[in-house]
Amino acid sequence: MGLKDTHGRKINYLRLSVTDRCNLRCFYCMPHEGVPDVGHSGILSFEELQMIAECSVGLGIEKIRITGGEPTVRAGLVGFLTKLSAIPGLRHLALTTNGLLLEQMVADLYRAGVQRLNVSLDSLNPQRFKEITRGGELNKVLAGLDAAVAAGFPPPKINVVIMRGINDGEVLDFAELTRSRGCSVRFIEYMPVVKEDGWQRLCFSGQEVLQRIREQHPLEPVNKGDFAGPSQDYRIPGAAGSIGIITAVSGHFCVDCNRIRVTARGQAKGCLFSDEKVDLLPFLRPPDCQALCSALQRIVASKPEGHGIRCGEYEHSNFSMAQVGG
Ligand SMILES: Nc1nc2c(ncn2[C@@H]2O[C@H](COP(=O)(O)OP(=O)(O)OP(=O)(O)O)[C@@H](O)[C@H]2O)c(=O)[nH]1
Ligand SMILES: C[S@@+](CC[C@H](N)C(=O)[O-])C[C@H]1O[C@@H](n2cnc3c(N)ncnc32)[C@H](O)[C@@H]1O
Ligand code: SF4
Ligand code: SF4
């Protein structure tokens, strides 16, 4: 069986958020005080998350990305991933993390069956990193990248939210990581999740990123593999890693959108920027697999064609990316 939305797109990718808490406070993602505490019962249990994953795979989802908040801060994550990776029909299990806890956890994540890691890292300058994340230690993330490779993972993909006047001066340093560490690096356009006047001043487009790199290096296009996300990929000839741009604001990647999302509080979302949600809790407490599958199908059926941020159609309510999972 497969899932198709009303715009003809194949939906085979679930972003599953396991927590909305985080051990960092990146200024573009999280309020300083964190997200409101909803206690244990406000967050889906691992059994409930597993049921959502099983139903989704039964419907045609082939790739699950675990996200958050920061997924590695949730106690019991490794045991959950071990069960998740054993779901028949799930072809790809990946995790997006800020990397802070990787050094101590990465061998367990590998043994649990996680196939790929994406690590968010916005600056290679320790002081700037601390400012962007409101307190993070760059060295721990770099040690986590080394530990991931030592544990058997391919070099993690690095996600950089690129922001004018903040870290755009580091484009070439990040591009260099595709040679020095063999990591693929993706530059993500800053997305205005909270409506604030003047958000455009932070925007540094994917095209500007490519232009900066092309001033120093030739770039060749790279074919996207199976399960590719929204990035457009290039390579400096001879580099092991690729350079991608995720043009979340300036680009047209919605035409290839292949994903749905479920938040840690059990809300299913068809689009990152749509206010439309389906609350899955009534189908989980008590569990009703058939009704849950129908709810997931409804979310796929109601996926919008895309967002209109670029054209000024900026209608979504404010949200924190940490509560949706990016
Ligand atoms: N607007 C928008 N942004 C997205 C979408 N999916 C991912 N992103 C953003 O892209 C960035 C990277 O996301 P990742 O968690 O690494 O996932 P991915 O890009 O699907 O990763 P791969 O599977 O490795 O290609 C994050 O900032 C996400 O918020 C999407 O469907 N729409
Ligand atoms: C919400 S985080 C969750 C996973 C994990 N804590 C991490 O940082 O990788 C997922 C992704 O969303 C991205 N993100 C958060 N807020 C964003 C924003 N306003 N614009 C663009 N990307 C954003 C982060 O950079 C990260 O790559
Ligand atoms: S981007 Fe990730 S690490 Fe940064 S505050 Fe958001 S959830 Fe935490
Ligand atoms: S903005 Fe919505 S439609 Fe566009 S790629 Fe993201 S989730 Fe898909």
# chains A, B, ... in the order shown; residues from 1 in each chain; ligands from 1
$ residues_near_ligand --ligand "ligand 4" --cutoff "8 Å" --atoms "only C-alpha atoms and all ligand atoms" --output "VMD selection string"
chain A and resid 230 248 252 to 260 270 to 274 303 to 307
$ residues_around --residues "range 166-172 of chain A" --least-positions-apart "6" --cutoff "7 Å" --atoms "only C-alpha atoms" --output "list in words"
Ser123, Val209 and Ile213 of chain A
$ write_last_selection --atoms "C-alpha atoms" --output "PDB file, in the first residue's frame"
ATOM      1  CA  SER A 123      28.776  28.110  14.046  1.00  0.00           C
ATOM      2  CA  VAL A 209      25.191  30.624  -0.178  1.00  0.00           C
ATOM      3  CA  ILE A 213      31.027  29.148  -2.404  1.00  0.00           C
TER       4      ILE A 213
END
$ residues_near_ligand --ligand "ligand 2" --cutoff "8 Å" --atoms "only C-alpha atoms and all ligand atoms" --output "VMD selection string"
chain A and resid 22 24 26 28 to 30 67 to 71 96 to 99 118 to 122 159 to 161 188 to 194 248 320 to 326
$ residues_around --residues "range 137-148 of chain A" --least-positions-apart "2" --cutoff "7 Å" --atoms "only C-alpha atoms" --output "ChimeraX atom specification"
/A:99-100,102-103,106,126,129-130,135,150-153,156
$ write_last_selection --atoms "N, CA and C atoms" --output "compact mmCIF listing (two decimals), in the first residue's frame"
# COMPACT_ATOMS: atom_id res chain seq x y z
N GLY A 99 23.56 17.22 18.85
CA GLY A 99 24.87 16.61 18.97
C GLY A 99 25.51 16.68 20.35
N LEU A 100 24.90 17.44 21.28
CA LEU A 100 25.56 17.64 22.58
C LEU A 100 25.81 16.34 23.33
N LEU A 102 25.89 13.28 21.95
CA LEU A 102 26.26 12.17 21.06
C LEU A 102 27.45 11.37 21.58
N GLU A 103 28.44 12.09 22.11
CA GLU A 103 29.66 11.39 22.49
C GLU A 103 29.34 10.22 23.42
N VAL A 106 26.27 7.68 21.26
CA VAL A 106 26.18 7.36 19.84
C VAL A 106 26.37 5.86 19.56
N PRO A 126 33.45 29.07 18.82
CA PRO A 126 32.85 28.70 20.11
C PRO A 126 31.98 29.80 20.72
N PHE A 129 28.78 30.21 18.68
CA PHE A 129 27.92 29.03 18.92
C PHE A 129 27.18 29.21 20.25
N LYS A 130 27.92 29.65 21.24
CA LYS A 130 27.32 29.86 22.57
C LYS A 130 26.21 30.90 22.50
N GLY A 135 24.18 29.22 25.23
CA GLY A 135 24.93 28.50 26.25
C GLY A 135 25.60 27.21 25.82
N ALA A 150 33.39 7.03 14.74
CA ALA A 150 34.07 5.92 15.42
C ALA A 150 33.09 4.80 15.73
N ALA A 151 31.83 5.13 15.95
CA ALA A 151 30.84 4.10 16.29
C ALA A 151 30.35 3.35 15.05
N GLY A 152 30.67 3.85 13.86
CA GLY A 152 30.27 3.13 12.65
C GLY A 152 29.31 3.90 11.75
N PHE A 153 28.84 5.08 12.19
CA PHE A 153 27.95 5.87 11.34
C PHE A 153 28.73 6.49 10.18
N PRO A 156 28.02 12.36 9.93
CA PRO A 156 26.69 12.96 10.02
C PRO A 156 26.51 14.12 9.04
$ closest_residue --among "A:Gln200, A:Ser45, A:Gln267, A:Gln115" --to "ligand 1" --atoms "only C-alpha atoms and all ligand atoms"
A:Gln115
$ atom_distance --atom1 "CA of Leu81 in chain A" --atom2 "atom 29 (O, counted along the ligand's line) of ligand 1"
21.4 Å
$ select_by_dssp --residues "range 82-284 of chain A" --states "strand (DSSP E or B)" --output "number ranges by chain"
A: 92-97, 116-120, 157-163, 185-189, 203, 220-221, 232-235, 243-246, 259-262, 267-269, 277-279
$ residues_around --residues "Gly244 in chain A" --least-positions-apart "5" --cutoff "6 Å" --atoms "only C-alpha atoms" --output "PyMOL selection string"
chain A and resi 186+231-233
$ atom_distance --atom1 "CA of Leu3 in chain A" --atom2 "CA of Phe187 in chain A"
29.2 Å
$ closest_residue --among "A:Ser17, A:Val78, A:Pro287, A:Ala295" --to "Ile43 in chain A" --atoms "only C-alpha atoms"
A:Ser17
$ select_by_dssp --residues "range 242-276 of chain A" --states "helix (DSSP H, G or I)" --output "VMD selection string"
chain A and resid 253 to 256
$ write_last_selection --atoms "C-alpha atoms" --output "PDB file, in the first residue's frame"
ATOM      1  CA  PHE A 253      10.587  22.469  -2.703  1.00  0.00           C
ATOM      2  CA  CYS A 254       6.972  21.971  -1.626  1.00  0.00           C
ATOM      3  CA  VAL A 255       6.278  20.328  -5.018  1.00  0.00           C
ATOM      4  CA  ASP A 256       8.390  17.374  -3.878  1.00  0.00           C
TER       5      ASP A 256
END
$ atom_distance --atom1 "CA of Leu219 in chain A" --atom2 "atom 31 (O, counted along the ligand's line) of ligand 1"
25.1 Å
$ closest_residue --among "A:Gln207, A:Leu77, A:Tyr234, A:Val262" --to "Thr247 in chain A" --atoms "only C-alpha atoms"
A:Gln207
